[in-house]
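> Here you go, my_file-v6.txt (compact mmCIF, C-alpha atoms (C1' of nucleotides)):
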# COMPACT_ATOMS: atom_id res chain seq x y z
CA MET S 25 39.39 2.82 7.11
CA SER S 26 38.91 -0.82 7.88
CA GLU S 27 35.57 -2.00 9.20
CA GLY S 28 37.37 -4.05 11.85
CA VAL S 29 38.15 -0.89 13.84
CA GLU S 30 34.49 -0.44 14.63
CA TRP S 31 34.16 -4.08 15.63
CA ALA S 32 37.23 -3.90 17.84
CA LEU S 33 36.06 -0.78 19.65
CA HIS S 34 32.62 -2.17 20.37
CA SER S 35 34.10 -5.51 21.43
CA CYS S 36 36.39 -3.80 23.92
CA LEU S 37 33.47 -1.91 25.40
CA ASN S 38 31.45 -5.11 25.58
CA LEU S 39 34.30 -6.89 27.33
CA ALA S 40 34.46 -4.09 29.88
CA TRP S 41 30.72 -4.22 30.54
CA ILE S 42 30.80 -7.98 30.94
CA GLY S 43 33.44 -7.57 33.59
CA PRO S 44 36.95 -8.95 34.12
CA GLY S 45 35.71 -12.08 35.85
CA ARG S 46 35.85 -14.43 32.93
CA ALA S 47 37.06 -14.72 29.38
CA VAL S 48 34.61 -14.37 26.49
CA THR S 49 34.94 -16.27 23.26
CA ALA S 50 35.11 -14.55 19.91
CA ALA S 51 32.07 -16.49 18.76
CA ARG S 52 29.97 -15.11 21.60
CA LEU S 53 31.14 -11.54 21.07
CA ALA S 54 30.37 -11.89 17.37
CA ALA S 55 26.91 -13.31 17.99
CA TYR S 56 25.96 -10.32 20.10
CA HIS S 57 26.17 -8.07 17.02
CA GLU S 58 25.67 -10.74 14.35
CA LEU S 59 29.21 -10.44 13.03
CA PRO S 60 31.17 -13.18 11.25
CA ALA S 61 32.77 -15.01 14.16
CA ALA S 62 35.96 -16.25 12.50
CA TYR S 63 36.74 -12.83 11.13
CA LEU S 64 36.16 -11.06 14.42
CA ASN S 65 38.46 -13.62 15.98
CA LYS S 66 41.15 -12.57 13.53
CA ARG S 67 40.80 -8.96 14.58
CA LEU S 68 40.83 -9.84 18.27
CA GLN S 69 44.11 -11.58 17.59
CA ALA S 70 45.44 -8.25 16.42
CA LEU S 71 44.31 -6.67 19.67
CA ALA S 72 46.03 -9.49 21.56
CA ARG S 73 49.29 -8.92 19.67
CA ALA S 74 49.05 -5.24 20.59
CA GLY S 75 48.59 -6.11 24.25
CA ILE S 76 45.13 -4.61 24.48
CA VAL S 77 43.43 -7.90 25.28
CA THR S 78 44.75 -11.22 26.53
CA SER S 79 43.73 -14.53 25.03
CA VAL S 80 43.59 -18.03 26.43
CA SER S 81 42.84 -21.19 24.53
CA GLY S 82 40.80 -24.19 25.46
CA PRO S 83 37.52 -24.60 27.33
CA LYS S 84 36.60 -21.59 29.44
CA GLY S 85 39.03 -19.74 27.21
CA GLY S 86 38.48 -16.58 25.22
CA PHE S 87 39.48 -12.94 25.42
CA ARG S 88 39.53 -10.40 28.21
CA LEU S 89 40.82 -6.85 28.53
CA ALA S 90 44.49 -6.63 29.37
CA ARG S 91 44.03 -3.36 31.28
CA ALA S 92 41.35 -0.92 32.37
CA LEU S 93 39.45 1.09 29.77
CA ASP S 94 40.95 4.38 30.96
CA ARG S 95 44.35 3.05 29.96
CA ILE S 96 43.30 2.20 26.40
CA THR S 97 43.12 5.03 23.90
CA LEU S 98 41.37 5.05 20.55
CA MET S 99 44.81 5.42 19.03
CA ASP S 100 45.88 2.11 20.57
CA VAL S 101 42.97 0.26 18.97
CA VAL S 102 43.30 1.95 15.58
CA THR S 103 47.02 1.22 15.46
CA ALA S 104 46.43 -2.39 16.46
CA ILE S 105 43.93 -2.96 13.65
CA GLU S 106 45.11 -0.65 10.87
CA GLY S 107 48.81 -0.95 11.49
CA PRO S 108 51.36 1.71 12.36
CA ASP S 109 51.72 3.19 8.88
CA GLU S 110 50.49 6.70 8.18
CA ALA S 111 47.48 7.07 5.94
CA PHE S 112 49.28 9.52 3.65
CA ARG S 113 52.65 8.16 2.67
CA CYS S 114 54.97 10.34 0.65
CA THR S 115 56.50 8.48 -2.29
CA GLU S 116 58.92 11.33 -2.96
CA ILE S 117 57.77 11.92 -6.50
CA ARG S 118 59.53 15.28 -6.31
CA GLN S 119 62.77 13.32 -6.70
CA GLN S 120 61.57 11.39 -9.73
CA GLY S 121 61.94 12.38 -13.36
CA PRO S 122 63.34 15.54 -14.92
CA GLY S 123 62.13 17.56 -11.95
CA ALA S 124 64.73 16.02 -9.71
CA GLY S 125 67.53 18.35 -8.67
CA HIS S 126 70.60 17.87 -6.51
CA PRO S 127 70.08 15.16 -3.91
CA ARG S 128 71.19 17.64 -1.28
CA THR S 129 68.11 19.69 -2.06
CA TYR S 130 65.92 16.98 -0.59
CA ALA S 131 67.45 16.87 2.86
CA ALA S 132 64.39 18.66 4.24
CA GLU S 133 61.07 16.90 4.36
CA CYS S 134 58.76 17.28 1.37
CA ALA S 135 56.52 20.28 2.01
CA VAL S 136 53.47 18.39 0.79
CA ALA S 137 54.19 15.48 3.08
CA GLY S 138 54.79 17.88 5.94
CA ALA S 139 51.43 19.56 5.49
CA MET S 140 49.57 16.27 5.23
CA GLY S 141 51.53 15.00 8.20
CA ARG S 142 50.40 17.92 10.34
CA ALA S 143 46.79 17.07 9.61
CA GLU S 144 47.34 13.44 10.40
CA LEU S 145 49.13 14.40 13.59
CA ALA S 146 46.04 16.33 14.68
CA TRP S 147 43.99 13.21 14.00
CA ARG S 148 46.30 11.01 16.01
CA ARG S 149 46.44 13.50 18.88
CA GLU S 150 42.67 13.47 19.12
CA LEU S 151 42.60 9.68 18.99
CA ALA S 152 45.25 9.45 21.70
CA ALA S 153 43.44 12.00 23.88
CA GLN S 154 40.29 9.90 24.10
CA THR S 155 40.24 6.72 26.14
CA LEU S 156 37.74 3.94 25.79
CA ASP S 157 36.49 4.88 29.24
CA ASP S 158 35.44 8.28 27.91
CA VAL S 159 33.50 6.53 25.19
CA ARG S 160 31.96 4.15 27.71
CA GLN S 161 30.75 7.03 29.89
CA ARG S 162 29.08 8.76 26.96
CA ALA S 163 27.52 5.51 25.83
CA GLU S 164 26.08 4.88 29.28
CA LEU S 165 24.65 8.38 29.40
CA GLN S 166 22.89 7.76 26.12
CA ALA S 167 21.65 4.25 26.91
CA PRO S 168 21.81 3.60 30.67
CA THR S 169 20.07 0.26 30.39
CA ALA S 170 22.33 -1.19 27.74
CA PRO S 171 25.12 -2.49 30.03
CA GLU S 172 22.73 -4.40 32.25
CA ARG S 173 20.93 -5.88 29.25
CA LEU S 174 24.31 -6.91 27.85
CA ARG S 175 25.39 -8.55 31.10
CA ARG S 176 22.11 -10.43 31.22
CA TRP S 177 22.58 -11.76 27.71
CA PHE S 178 26.18 -12.84 28.19
CA ALA S 179 25.31 -14.52 31.47
CA ASN S 180 22.81 -16.81 29.73
CA ALA S 181 24.38 -19.96 28.38
CA MET D 16 44.72 6.96 1.50
CA SER D 17 44.89 7.02 -2.25
CA GLU D 18 48.20 7.72 -3.94
CA GLY D 19 46.47 10.13 -6.30
CA VAL D 20 46.22 12.74 -3.53
CA GLU D 21 49.97 13.18 -3.54
CA TRP D 22 49.99 13.45 -7.33
CA ALA D 23 47.19 16.00 -7.32
CA LEU D 24 48.87 18.20 -4.71
CA HIS D 25 52.20 18.25 -6.52
CA SER D 26 50.48 18.84 -9.84
CA CYS D 27 48.65 21.87 -8.46
CA LEU D 28 51.88 23.31 -7.15
CA ASN D 29 53.55 22.68 -10.48
CA LEU D 30 50.71 24.40 -12.31
CA ALA D 31 51.11 27.40 -10.05
CA TRP D 32 54.85 27.60 -10.64
CA ILE D 33 54.42 27.33 -14.38
CA GLY D 34 52.09 30.31 -14.23
CA PRO D 35 48.54 30.98 -15.38
CA GLY D 36 49.61 31.96 -18.87
CA ARG D 37 48.94 28.70 -20.60
CA ALA D 38 47.36 25.31 -20.09
CA VAL D 39 49.55 22.26 -19.43
CA THR D 40 48.72 18.79 -20.65
CA ALA D 41 48.39 15.87 -18.31
CA ALA D 42 51.09 14.04 -20.26
CA ARG D 43 53.57 16.82 -19.61
CA LEU D 44 52.74 17.09 -15.93
CA ALA D 45 53.11 13.32 -15.63
CA ALA D 46 56.43 13.24 -17.44
CA TYR D 47 57.90 15.73 -15.00
CA HIS D 48 57.62 13.16 -12.21
CA GLU D 49 57.55 10.00 -14.33
CA LEU D 50 53.98 9.18 -13.48
CA PRO D 51 51.55 7.19 -15.66
CA ALA D 52 50.08 9.90 -17.88
CA ALA D 53 46.63 8.44 -18.49
CA TYR D 54 46.09 7.79 -14.82
CA LEU D 55 47.18 11.26 -13.76
CA ASN D 56 44.77 12.58 -16.36
CA LYS D 57 42.00 10.67 -14.63
CA ARG D 58 42.83 12.32 -11.34
CA LEU D 59 43.06 15.76 -12.90
CA GLN D 60 39.56 15.19 -14.20
CA ALA D 61 38.47 14.77 -10.59
CA LEU D 62 40.10 18.10 -9.77
CA ALA D 63 38.27 19.65 -12.72
CA ARG D 64 34.93 18.28 -11.53
CA ALA D 65 35.64 19.80 -8.13
CA GLY D 66 36.35 23.18 -9.72
CA ILE D 67 39.98 23.28 -8.60
CA VAL D 68 41.38 23.28 -12.11
CA THR D 69 39.85 24.06 -15.47
CA SER D 70 40.38 21.90 -18.51
CA VAL D 71 40.29 22.63 -22.22
CA SER D 72 40.51 20.09 -25.01
CA GLY D 73 42.32 20.21 -28.28
CA PRO D 74 45.71 21.56 -29.30
CA LYS D 75 47.15 24.08 -26.85
CA GLY D 76 44.70 22.54 -24.43
CA GLY D 77 45.37 21.10 -21.00
CA PHE D 78 44.78 22.05 -17.39
CA ARG D 79 45.23 25.24 -15.44
CA LEU D 80 44.38 26.34 -11.93
CA ALA D 81 40.84 27.62 -11.56
CA ARG D 82 41.83 30.01 -8.77
CA ALA D 83 44.85 31.20 -6.81
CA LEU D 84 46.69 28.82 -4.52
CA ASP D 85 45.68 30.73 -1.42
CA ARG D 86 42.08 29.90 -2.21
CA ILE D 87 42.69 26.15 -2.47
CA THR D 88 42.91 24.20 0.76
CA LEU D 89 44.32 20.74 1.27
CA MET D 90 40.81 19.70 2.23
CA ASP D 91 39.55 20.72 -1.21
CA VAL D 92 42.06 18.51 -2.95
CA VAL D 93 41.61 15.54 -0.63
CA THR D 94 37.83 15.71 -0.99
CA ALA D 95 38.13 15.98 -4.77
CA ILE D 96 40.26 12.83 -5.01
CA GLU D 97 39.09 10.67 -2.11
CA GLY D 98 35.44 11.64 -2.19
CA PRO D 99 33.30 13.23 0.48
CA ASP D 100 32.78 10.12 2.60
CA GLU D 101 34.30 9.92 6.07
CA ALA D 102 37.13 7.46 6.60
CA PHE D 103 35.40 5.87 9.58
CA ARG D 104 31.81 5.02 8.78
CA CYS D 105 29.60 3.70 11.54
CA THR D 106 27.60 0.66 10.44
CA GLU D 107 25.47 0.78 13.59
CA ILE D 108 26.37 -2.71 14.73
CA ARG D 109 25.03 -1.71 18.14
CA GLN D 110 21.58 -2.11 16.63
CA GLN D 111 22.28 -5.55 15.20
CA GLY D 112 21.72 -8.88 16.91
CA PRO D 113 20.57 -9.69 20.43
CA GLY D 114 22.23 -6.55 21.72
CA ALA D 115 19.67 -4.36 20.03
CA GLY D 116 17.25 -2.60 22.35
CA HIS D 117 14.35 -0.27 21.74
CA PRO D 118 14.82 1.74 18.53
CA ARG D 119 14.20 4.89 20.57
CA THR D 120 17.41 4.13 22.46
CA TYR D 121 19.41 4.87 19.32
CA ALA D 122 18.19 8.38 18.69
CA ALA D 123 21.54 9.73 19.88
CA GLU D 124 24.66 9.17 17.81
CA CYS D 125 26.71 6.06 18.53
CA ALA D 126 29.33 7.01 21.12
CA VAL D 127 32.02 5.13 19.21
CA ALA D 128 31.17 6.94 16.00
CA GLY D 129 31.10 10.23 17.85
CA ALA D 130 34.57 9.73 19.26
CA MET D 131 36.01 8.68 15.93
CA GLY D 132 34.20 11.57 14.28
CA ARG D 133 35.82 14.07 16.63
CA ALA D 134 39.25 12.81 15.60
CA GLU D 135 38.36 12.96 11.95
CA LEU D 136 37.00 16.47 12.43
CA ALA D 137 40.36 17.54 13.84
CA TRP D 138 41.99 16.09 10.75
CA ARG D 139 39.64 17.90 8.40
CA ARG D 140 40.04 21.18 10.30
CA GLU D 141 43.79 20.99 9.89
CA LEU D 142 43.45 20.18 6.21
CA ALA D 143 41.05 23.09 5.71
CA ALA D 144 43.33 25.46 7.60
CA GLN D 145 46.25 24.95 5.25
CA THR D 146 46.17 26.36 1.75
CA LEU D 147 48.31 25.24 -1.13
CA ASP D 148 49.97 28.64 -0.98
CA ASP D 149 51.24 27.84 2.51
CA VAL D 150 52.72 24.64 1.14
CA ARG D 151 54.22 26.50 -1.79
CA GLN D 152 55.93 29.00 0.49
CA ARG D 153 57.48 26.26 2.59
CA ALA D 154 58.59 24.39 -0.49
CA GLU D 155 60.28 27.50 -1.90
CA LEU D 156 62.08 28.09 1.36
CA GLN D 157 63.45 24.57 1.24
CA ALA D 158 64.36 24.57 -2.45
CA PRO D 159 64.52 28.13 -3.78
CA THR D 160 65.86 27.05 -7.17
CA ALA D 161 63.18 24.45 -7.86
CA PRO D 162 60.52 26.78 -9.32
CA GLU D 163 62.91 28.33 -11.82
CA ARG D 164 64.21 24.92 -12.86
CA LEU D 165 60.64 23.75 -13.29
CA ARG D 166 59.69 26.75 -15.43
CA ARG D 167 62.78 26.16 -17.58
CA TRP D 168 61.84 22.53 -18.17
CA PHE D 169 58.20 23.22 -18.99
CA ALA D 170 59.20 26.05 -21.33
CA ASN D 171 61.29 23.66 -23.43
CA ALA D 172 59.33 21.96 -26.19
C1' DG P 23 37.97 -43.14 48.25
C1' DT P 24 41.66 -40.86 45.97
C1' DA P 25 45.45 -39.80 42.91
C1' DG P 26 47.10 -40.18 38.45
C1' DA P 27 46.86 -40.63 33.64
C1' DT P 28 44.24 -40.43 29.56
C1' DC P 29 40.72 -38.86 26.71
C1' DT P 30 37.67 -35.47 25.02
C1' DA P 31 35.73 -31.17 23.86
C1' DC P 32 36.49 -26.54 23.14
C1' DT P 33 39.06 -22.26 21.89
C1' DC P 34 42.63 -19.54 19.80
C1' DG P 35 46.02 -19.08 15.81
C1' DG P 36 47.55 -18.89 11.42
C1' DA P 37 47.15 -20.59 6.59
C1' DT P 38 43.84 -20.55 2.82
C1' DA P 39 39.96 -18.57 -0.81
C1' DC P 40 36.90 -14.71 -2.30
C1' DG P 41 35.26 -9.91 -3.40
C1' DT P 42 35.72 -5.21 -3.95
C1' DA P 43 38.07 -0.93 -4.62
C1' DG P 44 42.11 1.24 -6.22
C1' DT P 45 45.40 1.20 -10.15
C1' DG P 46 46.41 1.40 -14.86
C1' DT P 47 45.19 1.58 -19.85
C1' DC P 48 42.69 2.43 -24.09
C1' DC P 49 39.76 4.55 -27.56
C1' DG P 50 36.16 8.07 -28.77
C1' DA P 51 34.28 13.23 -28.48
C1' DG P 52 35.60 17.82 -29.10
C1' DT P 53 38.49 21.85 -30.57
C1' DA P 54 42.33 25.06 -32.18
C1' DT P 55 45.51 24.95 -35.85
C1' DT P 56 46.81 24.58 -40.63
C1' DG P 57 46.43 24.14 -45.30
C1' DT P 58 43.51 24.95 -49.33
C1' DC P 59 40.24 26.97 -52.35
C1' DG P 60 37.40 30.60 -54.12
C1' DG P 61 36.47 35.45 -54.62
C1' DC U 13 45.82 39.28 -51.64
C1' DC U 14 42.19 38.04 -48.25
C1' DG U 15 38.55 35.44 -46.15
C1' DA U 16 36.07 31.24 -45.46
C1' DC U 17 36.03 26.37 -45.29
C1' DA U 18 37.56 21.74 -44.73
C1' DA U 19 41.05 18.56 -43.18
C1' DT U 20 44.05 17.45 -39.41
C1' DA U 21 46.38 16.74 -35.28
C1' DC U 22 46.12 17.00 -30.55
C1' DT U 23 43.84 16.89 -25.89
C1' DC U 24 40.42 15.77 -22.49
C1' DG U 25 36.69 12.45 -21.04
C1' DG U 26 34.81 8.32 -19.86
C1' DA U 27 34.58 3.19 -20.67
C1' DC U 28 37.38 -1.07 -20.18
C1' DA U 29 41.14 -4.60 -17.83
C1' DC U 30 44.42 -5.72 -14.02
C1' DT U 31 46.19 -5.89 -9.33
C1' DA U 32 46.31 -5.61 -4.32
C1' DC U 33 44.21 -5.17 -0.07
C1' DG U 34 40.38 -6.08 2.91
C1' DT U 35 36.88 -9.57 3.83
C1' DA U 36 35.57 -14.08 4.96
C1' DT U 37 36.46 -18.94 6.00
C1' DC U 38 38.53 -23.28 7.45
C1' DC U 39 41.42 -26.57 9.77
C1' DG U 40 45.32 -27.53 13.01
C1' DA U 41 47.84 -26.49 17.77
C1' DG U 42 47.10 -26.14 22.45
C1' DT U 43 44.67 -26.43 26.93
C1' DA U 44 41.27 -27.04 30.72
C1' DG U 45 38.10 -30.13 32.30
C1' DA U 46 35.99 -34.74 32.65
C1' DT U 47 36.39 -39.63 32.74
C1' DC U 48 38.40 -43.88 33.71
C1' DT U 49 41.61 -46.90 35.98
C1' DA U 50 44.68 -48.51 39.43
C1' DC U 51 45.96 -48.52 44.14
If you convert what's in this file into structure tokens, what do you get?

Amino acid sequence: MSEGVEWALHSCLNLAWIGPGRAVTAARLAAYHELPAAYLNKRLQALARAGIVTSVSGPKGGFRLARALDRITLMDVVTAIEGPDEAFRCTEIRQQGPGAGHPRTYAAECAVAGAMGRAELAWRRELAAQTLDDVRQRAELQAPTAPERLRRWFANA
Amino acid sequence: MSEGVEWALHSCLNLAWIGPGRAVTAARLAAYHELPAAYLNKRLQALARAGIVTSVSGPKGGFRLARALDRITLMDVVTAIEGPDEAFRCTEIRQQGPGAGHPRTYAAECAVAGAMGRAELAWRRELAAQTLDDVRQRAELQAPTAPERLRRWFANA
DNA sequence: GTAGATCTACTCGGATACGTAGTGTCCGAGTATTGTCGG
DNA sequence: CCGACAATACTCGGACACTACGTATCCGAGTAGATCTAC
């Protein structure tokens, strides 16, 4: 899985902690975790295309959350970064070569693909069941002082 | 996800349908689905290292299943091909840069990693819950004539 | 003093290189078969 | 005729190239604010 997913998730949480008052630039978000700024910007663009964050150009521009954390699921973020394709994609090798039978035989889904698809469905269900707000709550339980420290840092300069 | 997973799963099913009587060469298994023989061989080696199939060299050599299909889970095959690493790996960016606080703060697992880990656990559970025999049964229901056709083809030459 | 236009500085957005991991291929190590030789 | 031995052909196993995607970067398009000018 792409490393950008982790960056996107943390950036969304950071945006929420900063508050909806103002937009935050990609460079500033990147600096907070020492990430390559231009590359994080690229990923934030993906979030913008997916409607998870909104972006404005120019001075005082930057990114901000498009909606509340409890209306953003992990699935939304993963899909925005990784794309909509399934991890396991069936190439229908059962229909290739001497093993291929009547085309009518292959009306039903490949049993292998079906089994892998069930597992991936379980993954996606779990991702869709968890919102970023759930993650935020757990994070605040673990490190109650982190949000305030973050706000302090982003307020400076 | 690697394409070799699909090849490995189908190859295991094919080995089961052929029967435990004799070993089958990678070249023959590859030809049945028009796959690159040398590359499939490489993947079958991974299955052999994982103890899913056994391999013998020389004439009349080849691969055969190391145990019955109902004792091989999808998880076994995926782990053998893809490796044991998790898809989402936390790089602990929360500890990098100005955002880092006291090291003691990070005793607990990263909330983001935890959430992603729960989803991946659901995926792995589903993979471990399904055996190749389950897949075989569904495949035979969909295409009852396929196994016999396969045996016929592998018997020739 | 104020309104308007212009100019500037700053940010996102997409087009452009680089690196690594997956994909594909090749040749050597090892073994069962087969043919041959000796008893 | 039978057994042992050597030659042989065939297969797995790992080492060696190629390709594609993810990673990283840079410069242009667009905008909000500041500055300057004219009234």
> Quick one, how far is CA of Glu155 in chain D from CA of Cys134 in chain S?
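Result for CA of Glu155 in chain D versus CA of Cys134 in chain S: 10.8 Å, one decimal.
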> Do you know which residues are at most 8 Å from DT53 in chain P counting only C-alpha atoms (C1' of nucleotides), after dropping those on the same chain fewer than 6 positions away, and could you put them as a VMD selection string?
chain D and resid 72 to 74
> What residues in chain D have any atom no more than 10 Å from chain U when counting only C-alpha atoms (C1' of nucleotides), and can you write them as a PDB file with C-alpha atoms, in the frame of the given file?

ATOM      1  CA  THR D  40      48.720  18.790 -20.650  1.00  0.00           C
ATOM      2  CA  ALA D  41      48.390  15.870 -18.310  1.00  0.00           C
ATOM      3  CA  ALA D  42      51.090  14.040 -20.260  1.00  0.00           C
ATOM      4  CA  ASN D  56      44.770  12.580 -16.360  1.00  0.00           C
ATOM      5  CA  LYS D  57      42.000  10.670 -14.630  1.00  0.00           C
ATOM      6  CA  LEU D  59      43.060  15.760 -12.900  1.00  0.00           C
ATOM      7  CA  GLN D  60      39.560  15.190 -14.200  1.00  0.00           C
ATOM      8  CA  SER D  70      40.380  21.900 -18.510  1.00  0.00           C
ATOM      9  CA  VAL D  71      40.290  22.630 -22.220  1.00  0.00           C
ATOM     10  CA  SER D  72      40.510  20.090 -25.010  1.00  0.00           C
ATOM     11  CA  GLY D  73      42.320  20.210 -28.280  1.00  0.00           C
ATOM     12  CA  PRO D  74      45.710  21.560 -29.300  1.00  0.00           C
ATOM     13  CA  LYS D  75      47.150  24.080 -26.850  1.00  0.00           C
ATOM     14  CA  GLY D  76      44.700  22.540 -24.430  1.00  0.00           C
ATOM     15  CA  GLY D  77      45.370  21.100 -21.000  1.00  0.00           C
ATOM     16  CA  PHE D  78      44.780  22.050 -17.390  1.00  0.00           C
TER      17      PHE D  78
END
> Give me the chain P side of the contact with chain S, cut-off 9 Å, one line per residue showing its nearest atom pair and distance in Å at one decimal, counting all atoms listed in the file, sorted by chain and residue number, as JSON lines.

{"residue": "P:DA31", "atom": "C1'", "partner": "S:Pro83", "partner_atom": "CA", "distance": 7.6}
{"residue": "P:DC32", "atom": "C1'", "partner": "S:Pro83", "partner_atom": "CA", "distance": 4.7}
{"residue": "P:DT33", "atom": "C1'", "partner": "S:Gly82", "partner_atom": "CA", "distance": 4.4}
{"residue": "P:DC34", "atom": "C1'", "partner": "S:Ser81", "partner_atom": "CA", "distance": 5.0}
{"residue": "P:DG35", "atom": "C1'", "partner": "S:Gln69", "partner_atom": "CA", "distance": 7.9}
> I need the contact residues of chain D against chain S, so if you could list those with any atom within 7 Å, counting all atoms listed in the file, and return them as a ChimeraX atom specification, that would help.
/D:16,46-49,102-103,108-109,111-114,120,123,126-127,130,134-135,137-138,141-142,150,153-154,157-158,165
> Store the residues of this selection in a file with C-alpha atoms, as a PDB file, keeping the file's coordinate frame.

ATOM      1  CA  MET D  16      44.720   6.960   1.500  1.00  0.00           C
ATOM      2  CA  ALA D  46      56.430  13.240 -17.440  1.00  0.00           C
ATOM      3  CA  TYR D  47      57.900  15.730 -15.000  1.00  0.00           C
ATOM      4  CA  HIS D  48      57.620  13.160 -12.210  1.00  0.00           C
ATOM      5  CA  GLU D  49      57.550  10.000 -14.330  1.00  0.00           C
ATOM      6  CA  ALA D 102      37.130   7.460   6.600  1.00  0.00           C
ATOM      7  CA  PHE D 103      35.400   5.870   9.580  1.00  0.00           C
ATOM      8  CA  ILE D 108      26.370  -2.710  14.730  1.00  0.00           C
ATOM      9  CA  ARG D 109      25.030  -1.710  18.140  1.00  0.00           C
ATOM     10  CA  GLN D 111      22.280  -5.550  15.200  1.00  0.00           C
ATOM     11  CA  GLY D 112      21.720  -8.880  16.910  1.00  0.00           C
ATOM     12  CA  PRO D 113      20.570  -9.690  20.430  1.00  0.00           C
ATOM     13  CA  GLY D 114      22.230  -6.550  21.720  1.00  0.00           C
ATOM     14  CA  THR D 120      17.410   4.130  22.460  1.00  0.00           C
ATOM     15  CA  ALA D 123      21.540   9.730  19.880  1.00  0.00           C
ATOM     16  CA  ALA D 126      29.330   7.010  21.120  1.00  0.00           C
ATOM     17  CA  VAL D 127      32.020   5.130  19.210  1.00  0.00           C
ATOM     18  CA  ALA D 130      34.570   9.730  19.260  1.00  0.00           C
ATOM     19  CA  ALA D 134      39.250  12.810  15.600  1.00  0.00           C
ATOM     20  CA  GLU D 135      38.360  12.960  11.950  1.00  0.00           C
ATOM     21  CA  ALA D 137      40.360  17.540  13.840  1.00  0.00           C
ATOM     22  CA  TRP D 138      41.990  16.090  10.750  1.00  0.00           C
ATOM     23  CA  GLU D 141      43.790  20.990   9.890  1.00  0.00           C
ATOM     24  CA  LEU D 142      43.450  20.180   6.210  1.00  0.00           C
ATOM     25  CA  VAL D 150      52.720  24.640   1.140  1.00  0.00           C
ATOM     26  CA  ARG D 153      57.480  26.260   2.590  1.00  0.00           C
ATOM     27  CA  ALA D 154      58.590  24.390  -0.490  1.00  0.00           C
ATOM     28  CA  GLN D 157      63.450  24.570   1.240  1.00  0.00           C
ATOM     29  CA  ALA D 158      64.360  24.570  -2.450  1.00  0.00           C
ATOM     30  CA  LEU D 165      60.640  23.750 -13.290  1.00  0.00           C
TER      31      LEU D 165
END
> May I have the residues within 12 Å of DT37 in chain U as a PyMOL selection string, using only C-alpha atoms (C1' of nucleotides) and disregarding those fewer than 5 positions away in the same chain?
(chain S and resi 60-66) or (chain P and resi 37-40)
> Calculate, to one decimal in Å, the centre and edge lengths of the box along x, y and z of the file that holds all listed atoms of range 134-150 of chain D with 8 Å of margin on each side, and present them as lines of an AutoDock Vina configuration file.

center_x = 44.9
center_y = 20.7
center_z = 7.2
size_x = 31.7
size_y = 31.8
size_z = 32.7
> Interatomic distance between CA of Ala31 in chain D and CA of Leu80 in chain D?
7.1 Å
> Find the distance between C1' of DA29 in chain U and CA of Ala23 in chain D and write it in Å to one decimal.
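It comes out at 23.9 Å.
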